[in-house]
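Working notes, beginning with the structure itself.
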Amino acid sequence: MRYTVSSDIVLTPKQFAERLHSEVYDTIVAEYPSPNWREAQALDMLHEMRKDIPLVFLVHGLKRETSAELILKGAADCIELESIGHLPVAVHRALDEKVLRDQRDRAEKELRRSEARYRALVGNRSFGVCRCSRDGRFLEVNEAMMKMLGYGTREELLGEDLARDIIQDPERRAKLLGHSSAGPAEPVEIEWKRKDHTQLKVRLSGREVLDEHGEWEAYEVIAEDVTRQRELEDHLRRQAASDPLTGLANYRCLVDVLDSEIKRSKRTSREFALLLFDLDGLKAINDRHGHMVGSQAICRLADVLSSCCRDIDTSARFGGDEFALVLPETNAKAANQVARRICESLANDGKGPKVSVSVGVAVYPENGETIEGLLCEADSGLYARKVERALPVESRHNGTMR
């Protein structure tokens, strides 16, 4: 990954705390479970010490639901020791996300500077600065604001009223100026249009301007173009939440979706279903036809899951041949119908070699009220189905193995 790496190794929580107090670290890799440590003690200590350092757990044979709990508590990722090659990618992604958070925090501090800082920014080429009338019309703009919005002269830009929506909206104006009951002034993010009608996202920070008599006269607003930053964040967010081979959601995203669905179902008292899929005989396909064909078989199942989903459903891949499908507002009968449709679609997709899947179904709250409970119930059903498929035909009918 082209990093120069130096590392410290600690064995106990006491050593861990001492090193965090004396040194600055970019990331932490922790064995789980580990002697001398309680559960997610390393995460708890980071939270208590207010250290924003990405932590990646190295796990071995850990249950999926336990990995889910660690991620929900704030772990950057959980990497199986058998897949240690994924560790550099996990570290790289965690560091990128940390950089974005730091950049955002620095930008917010810059935009909350005093009036003296504001005066210095008037000539700044990075931040657009303007003075607006009480109805939201531009009165003065600096060169950076002209460049940001694609105008060649101040006169052109002064004729626009891009700030009107936020200035004339009492709630948004109160938030911008720090008059909101929610707390102190915070930058407000909105979309503006450039002269060529393309969209850009800007973060605005503002203050009131008083005349010599102390009367409210106008507003001064600092604008930062965050379009590229948001695009990068969206790109990294998609990468962090998706499986690179199939494009489906990954296990980390699946955990977040299940957590959200459980909370929503508690509010609405509506069911939702979780389907787990396991591609039958993937190893045999790899051995006989090669890993390229095996990867194609995985993608065939992903395509079927996507085509059989509604917009509100979430399909995910969280293992080599393991997939999941979350169906909001779906009961057991409807979930089993969806499972049969997926099995039939995959069996009749017209591609070779022939592939099939085993399916396990769990419905909230009947089959479990936690992520762990739902995953266990669906996994048990899937395993029972695989055992059934492995039995000779005669034994399924009369219980006698032949």
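Labels used: A, B, ... for chains in the order of the structure tokens, numbers from 1 for residues in each chain, and numbers from 1 for ligands as shown.
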
*Run DSSP on the backbone and give me the residues of segment 155-341 of chain A it puts in strand (DSSP E or B), as a PyMOL selection string.*
chain A and resi 188-193+199-210+216-225+242+249+272-279+314-317+322-328

*Would you list the contacts of Tyr364 of chain A as a list in words, taking every protein, DNA or RNA residue within 7 Å and counting only C-alpha atoms, but skipping same-chain residues closer than 5 positions in sequence?*
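The residues that qualify are Glu271, Phe272, Ala273 and Glu369 of chain A.
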
*If you run DSSP over the backbone, which residues in segment 129-257 of chain A end up alpha helix (DSSP H)? Put them as a ChimeraX atom specification.*
/A:143-149,154-158,164-168,170-177,227-241,251-257

*asked:* When you count only C-alpha atoms, which of these residues is closest to Thr66 of chain A: A:Arg50, A:Cys78, A:Lys193, A:Thr246?
replied: A:Cys78

*Residue nearest Arg317 of chain A among A:Asn36, A:Thr4, A:Ser67, A:Asn250 (counting only C-alpha atoms)*: A:Asn250

*Please provide the set of residues having any atom within 12 Å of Ser6 of chain A, restricted to only C-alpha atoms, with same-chain residues fewer than 4 positions apart removed, written as a ChimeraX atom specification.*
/A:23-28

Same residues, C-alpha atoms, saved as an mmCIF file, in the first residue's frame:
```
data_model
loop_
_atom_site.group_PDB
_atom_site.id
_atom_site.type_symbol
_atom_site.label_atom_id
_atom_site.label_comp_id
_atom_site.auth_asym_id
_atom_site.auth_seq_id
_atom_site.Cartn_x
_atom_site.Cartn_y
_atom_site.Cartn_z
ATOM 1 C CA GLU A 23 2.022 8.498 21.351
ATOM 2 C CA VAL A 24 -0.132 9.370 18.335
ATOM 3 C CA TYR A 25 -1.363 6.476 16.190
ATOM 4 C CA ASP A 26 -3.101 6.272 12.823
ATOM 5 C CA THR A 27 -4.834 2.935 13.283
ATOM 6 C CA ILE A 28 -5.140 0.001 15.683
#
```

*Just the residues within 7 Å of Asp161 of chain A, please, counting only C-alpha atoms, with nothing from its chain fewer than 5 positions along; format it as a PyMOL selection string.*
chain A and resi 136-138

Take the selection from the previous step and output its residues with N, CA and C atoms, as a short mmCIF file (atom, residue, chain, number, x, y, z; two decimals), in the first residue's frame.
```cif
data_model
loop_
_atom_site.label_atom_id
_atom_site.label_comp_id
_atom_site.auth_asym_id
_atom_site.auth_seq_id
_atom_site.Cartn_x
_atom_site.Cartn_y
_atom_site.Cartn_z
N GLY A 136 -32.29 38.62 0.94
CA GLY A 136 -31.48 37.57 0.33
C GLY A 136 -30.77 37.95 -0.95
N ARG A 137 -30.81 39.22 -1.37
CA ARG A 137 -30.10 39.63 -2.59
C ARG A 137 -28.62 39.90 -2.26
N PHE A 138 -27.74 39.55 -3.23
CA PHE A 138 -26.32 39.83 -3.06
C PHE A 138 -26.08 41.34 -3.14
#
```

Might you pull out every residue within 12 Å of Asn336 of chain A, with only C-alpha atoms counted and same-chain residues fewer than 3 positions away left off, and present them as an mmCIF file with C-alpha atoms, in the first residue's frame?
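part05.cif, written as the output of this step:
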```cif
data_model
loop_
_atom_site.group_PDB
_atom_site.id
_atom_site.type_symbol
_atom_site.label_atom_id
_atom_site.label_comp_id
_atom_site.auth_asym_id
_atom_site.auth_seq_id
_atom_site.Cartn_x
_atom_site.Cartn_y
_atom_site.Cartn_z
ATOM 1 C CA ALA A 273 -38.115 -11.119 6.692
ATOM 2 C CA LEU A 274 -34.480 -12.189 6.378
ATOM 3 C CA LEU A 275 -33.496 -14.785 3.762
ATOM 4 C CA LEU A 276 -30.075 -16.460 3.776
ATOM 5 C CA LEU A 325 -31.955 -10.668 1.355
ATOM 6 C CA LEU A 327 -37.547 -7.897 2.861
ATOM 7 C CA THR A 330 -42.951 -9.107 4.594
ATOM 8 C CA ASN A 331 -44.479 -12.082 6.414
ATOM 9 C CA ALA A 332 -43.356 -15.729 6.342
ATOM 10 C CA LYS A 333 -45.697 -16.762 3.507
ATOM 11 C CA ALA A 339 -37.366 -17.664 -1.948
ATOM 12 C CA ARG A 340 -39.033 -20.103 -4.377
ATOM 13 C CA ARG A 341 -39.041 -17.493 -7.136
ATOM 14 C CA ILE A 342 -35.332 -16.859 -6.678
ATOM 15 C CA CYS A 343 -34.512 -20.580 -6.694
ATOM 16 C CA VAL A 359 -32.409 -21.052 1.559
ATOM 17 C CA GLY A 360 -33.154 -20.277 5.205
ATOM 18 C CA VAL A 361 -35.941 -17.886 6.230
ATOM 19 C CA ALA A 362 -36.458 -15.919 9.464
ATOM 20 C CA VAL A 363 -39.206 -13.388 10.218
ATOM 21 C CA ALA A 378 -32.218 -18.309 9.134
ATOM 22 C CA GLY A 381 -33.115 -23.308 8.294
#
```

*Closest to Ala17 of chain A among A:Lys51, A:Arg310, A:Lys354, A:Arg38, using only C-alpha atoms?*
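Using only C-alpha atoms, the shortest distance to Ala17 of chain A belongs to A:Lys51.
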
*Residues at most 12 Å from Leu236 of chain A, counting only C-alpha atoms, excluding those fewer than 3 positions away in the same chain, as a PyMOL selection string?*
chain A and resi 90+92-100+229-233+239-242

Taking N, CA, C and O atoms for each residue, export the selection above as a PDB file, in the first residue's frame.
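Output file selection-v3.pdb follows:
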```
ATOM      1  N   ALA A  90      -8.709  -2.903   4.324  1.00  0.00           N
ATOM      2  CA  ALA A  90      -9.535  -2.429   5.440  1.00  0.00           C
ATOM      3  C   ALA A  90      -8.875  -1.238   6.129  1.00  0.00           C
ATOM      4  O   ALA A  90      -9.538  -0.260   6.477  1.00  0.00           O
ATOM      5  N   HIS A  92      -6.667   0.836   4.771  1.00  0.00           N
ATOM      6  CA  HIS A  92      -6.679   1.961   3.829  1.00  0.00           C
ATOM      7  C   HIS A  92      -8.028   2.666   3.858  1.00  0.00           C
ATOM      8  O   HIS A  92      -8.111   3.910   3.907  1.00  0.00           O
ATOM      9  N   ARG A  93      -9.118   1.891   3.845  1.00  0.00           N
ATOM     10  CA  ARG A  93     -10.455   2.475   3.855  1.00  0.00           C
ATOM     11  C   ARG A  93     -10.709   3.213   5.172  1.00  0.00           C
ATOM     12  O   ARG A  93     -11.251   4.318   5.191  1.00  0.00           O
ATOM     13  N   ALA A  94     -10.285   2.628   6.288  1.00  0.00           N
ATOM     14  CA  ALA A  94     -10.489   3.267   7.586  1.00  0.00           C
ATOM     15  C   ALA A  94      -9.740   4.594   7.673  1.00  0.00           C
ATOM     16  O   ALA A  94     -10.249   5.582   8.204  1.00  0.00           O
ATOM     17  N   LEU A  95      -8.518   4.622   7.139  1.00  0.00           N
ATOM     18  CA  LEU A  95      -7.734   5.860   7.171  1.00  0.00           C
ATOM     19  C   LEU A  95      -8.352   6.929   6.274  1.00  0.00           C
ATOM     20  O   LEU A  95      -8.372   8.114   6.619  1.00  0.00           O
ATOM     21  N   ASP A  96      -8.862   6.530   5.092  1.00  0.00           N
ATOM     22  CA  ASP A  96      -9.524   7.492   4.205  1.00  0.00           C
ATOM     23  C   ASP A  96     -10.731   8.120   4.890  1.00  0.00           C
ATOM     24  O   ASP A  96     -10.968   9.334   4.799  1.00  0.00           O
ATOM     25  N   GLU A  97     -11.528   7.290   5.572  1.00  0.00           N
ATOM     26  CA  GLU A  97     -12.694   7.814   6.267  1.00  0.00           C
ATOM     27  C   GLU A  97     -12.282   8.760   7.400  1.00  0.00           C
ATOM     28  O   GLU A  97     -12.929   9.784   7.629  1.00  0.00           O
ATOM     29  N   LYS A  98     -11.193   8.443   8.075  1.00  0.00           N
ATOM     30  CA  LYS A  98     -10.692   9.314   9.147  1.00  0.00           C
ATOM     31  C   LYS A  98     -10.232  10.656   8.582  1.00  0.00           C
ATOM     32  O   LYS A  98     -10.495  11.714   9.164  1.00  0.00           O
ATOM     33  N   VAL A  99      -9.557  10.651   7.439  1.00  0.00           N
ATOM     34  CA  VAL A  99      -9.107  11.896   6.808  1.00  0.00           C
ATOM     35  C   VAL A  99     -10.300  12.781   6.465  1.00  0.00           C
ATOM     36  O   VAL A  99     -10.286  13.997   6.685  1.00  0.00           O
ATOM     37  N   LEU A 100     -11.356  12.167   5.928  1.00  0.00           N
ATOM     38  CA  LEU A 100     -12.550  12.941   5.578  1.00  0.00           C
ATOM     39  C   LEU A 100     -13.184  13.574   6.817  1.00  0.00           C
ATOM     40  O   LEU A 100     -13.617  14.727   6.788  1.00  0.00           O
ATOM     41  N   GLN A 229     -15.768  17.092  -2.379  1.00  0.00           N
ATOM     42  CA  GLN A 229     -15.641  16.380  -1.107  1.00  0.00           C
ATOM     43  C   GLN A 229     -16.822  15.434  -0.908  1.00  0.00           C
ATOM     44  O   GLN A 229     -16.655  14.286  -0.501  1.00  0.00           O
ATOM     45  N   ARG A 230     -18.038  15.908  -1.210  1.00  0.00           N
ATOM     46  CA  ARG A 230     -19.215  15.054  -1.068  1.00  0.00           C
ATOM     47  C   ARG A 230     -19.192  13.898  -2.064  1.00  0.00           C
ATOM     48  O   ARG A 230     -19.607  12.780  -1.746  1.00  0.00           O
ATOM     49  N   GLU A 231     -18.724  14.158  -3.286  1.00  0.00           N
ATOM     50  CA  GLU A 231     -18.626  13.086  -4.276  1.00  0.00           C
ATOM     51  C   GLU A 231     -17.649  12.010  -3.801  1.00  0.00           C
ATOM     52  O   GLU A 231     -17.905  10.804  -3.955  1.00  0.00           O
ATOM     53  N   LEU A 232     -16.513  12.441  -3.240  1.00  0.00           N
ATOM     54  CA  LEU A 232     -15.538  11.479  -2.725  1.00  0.00           C
ATOM     55  C   LEU A 232     -16.115  10.699  -1.554  1.00  0.00           C
ATOM     56  O   LEU A 232     -15.934   9.475  -1.453  1.00  0.00           O
ATOM     57  N   GLU A 233     -16.823  11.391  -0.653  1.00  0.00           N
ATOM     58  CA  GLU A 233     -17.437  10.708   0.488  1.00  0.00           C
ATOM     59  C   GLU A 233     -18.455   9.667   0.008  1.00  0.00           C
ATOM     60  O   GLU A 233     -18.505   8.556   0.536  1.00  0.00           O
ATOM     61  N   GLN A 239     -18.097   2.199  -1.641  1.00  0.00           N
ATOM     62  CA  GLN A 239     -17.070   1.161  -1.582  1.00  0.00           C
ATOM     63  C   GLN A 239     -17.112   0.422  -0.248  1.00  0.00           C
ATOM     64  O   GLN A 239     -17.002  -0.811  -0.197  1.00  0.00           O
ATOM     65  N   ALA A 240     -17.271   1.179   0.836  1.00  0.00           N
ATOM     66  CA  ALA A 240     -17.274   0.570   2.160  1.00  0.00           C
ATOM     67  C   ALA A 240     -18.497  -0.300   2.388  1.00  0.00           C
ATOM     68  O   ALA A 240     -18.471  -1.210   3.213  1.00  0.00           O
ATOM     69  N   ALA A 241     -19.589  -0.024   1.652  1.00  0.00           N
ATOM     70  CA  ALA A 241     -20.843  -0.743   1.892  1.00  0.00           C
ATOM     71  C   ALA A 241     -21.145  -1.801   0.850  1.00  0.00           C
ATOM     72  O   ALA A 241     -22.180  -2.457   0.931  1.00  0.00           O
ATOM     73  N   SER A 242     -20.266  -1.991  -0.146  1.00  0.00           N
ATOM     74  CA  SER A 242     -20.595  -2.921  -1.227  1.00  0.00           C
ATOM     75  C   SER A 242     -19.524  -3.991  -1.396  1.00  0.00           C
ATOM     76  O   SER A 242     -18.363  -3.801  -1.049  1.00  0.00           O
TER      77      SER A 242
END
```

_Interatomic distance (Å, one decimal) between atom CA of Gln337 of chain A and atom CA of Asp280 of chain A_ = 19.8 Å

*Which residue out of A:Glu69, A:Glu171, A:Asp256, A:Glu140 has the minimum interatomic distance to Ala40 of chain A when only C-alpha atoms are used?*
A:Glu69

*asked:* At a cut-off of 10 Å, using only C-alpha atoms, what residues contact Met146 of chain A? Leave out same-chain residues fewer than 2 positions from it and give the result as a PyMOL selection string.
replied: chain A and resi 128-130+141-144+148-154+156-158+194-195

Next, the residues of the selection above should be written as an mmCIF file, in the first residue's frame with C-alpha atoms.
```cif
data_model
loop_
_atom_site.group_PDB
_atom_site.id
_atom_site.type_symbol
_atom_site.label_atom_id
_atom_site.label_comp_id
_atom_site.auth_asym_id
_atom_site.auth_seq_id
_atom_site.Cartn_x
_atom_site.Cartn_y
_atom_site.Cartn_z
ATOM 1 C CA GLY A 128 -16.619 32.689 -1.349
ATOM 2 C CA VAL A 129 -17.675 35.673 0.759
ATOM 3 C CA CYS A 130 -20.754 37.792 0.213
ATOM 4 C CA VAL A 141 -19.216 39.389 -3.426
ATOM 5 C CA ASN A 142 -15.521 38.542 -3.520
ATOM 6 C CA GLU A 143 -13.609 37.076 -6.454
ATOM 7 C CA ALA A 144 -13.681 33.558 -5.045
ATOM 8 C CA MET A 148 -17.119 29.390 -7.626
ATOM 9 C CA LEU A 149 -20.364 30.271 -9.403
ATOM 10 C CA GLY A 150 -18.835 30.769 -12.852
ATOM 11 C CA TYR A 151 -19.526 34.495 -13.330
ATOM 12 C CA GLY A 152 -17.138 36.830 -15.128
ATOM 13 C CA THR A 153 -18.190 40.093 -13.468
ATOM 14 C CA ARG A 154 -19.560 41.162 -10.110
ATOM 15 C CA GLU A 156 -23.727 39.616 -13.250
ATOM 16 C CA LEU A 157 -23.586 37.863 -9.918
ATOM 17 C CA LEU A 158 -25.116 40.751 -7.943
ATOM 18 C CA ARG A 194 -23.634 27.908 -11.388
ATOM 19 C CA LYS A 195 -24.068 30.238 -14.338
#
```

*Just give me the gap between atom CA of Glu39 of chain A and atom CA of Asp379 of chain A in Å, one decimal is fine.*
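Here the two named atoms are 24.0 Å from each other.
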
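Separating atom CA of Phe127 of chain A from atom CA of Asp225 of chain A is a distance of 7.7 Å.
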
*Selected residue, from A:Arg106, A:Arg252, A:Arg173, A:Arg267, that lies nearest to Phe318 of chain A when counting only C-alpha atoms*: A:Arg252
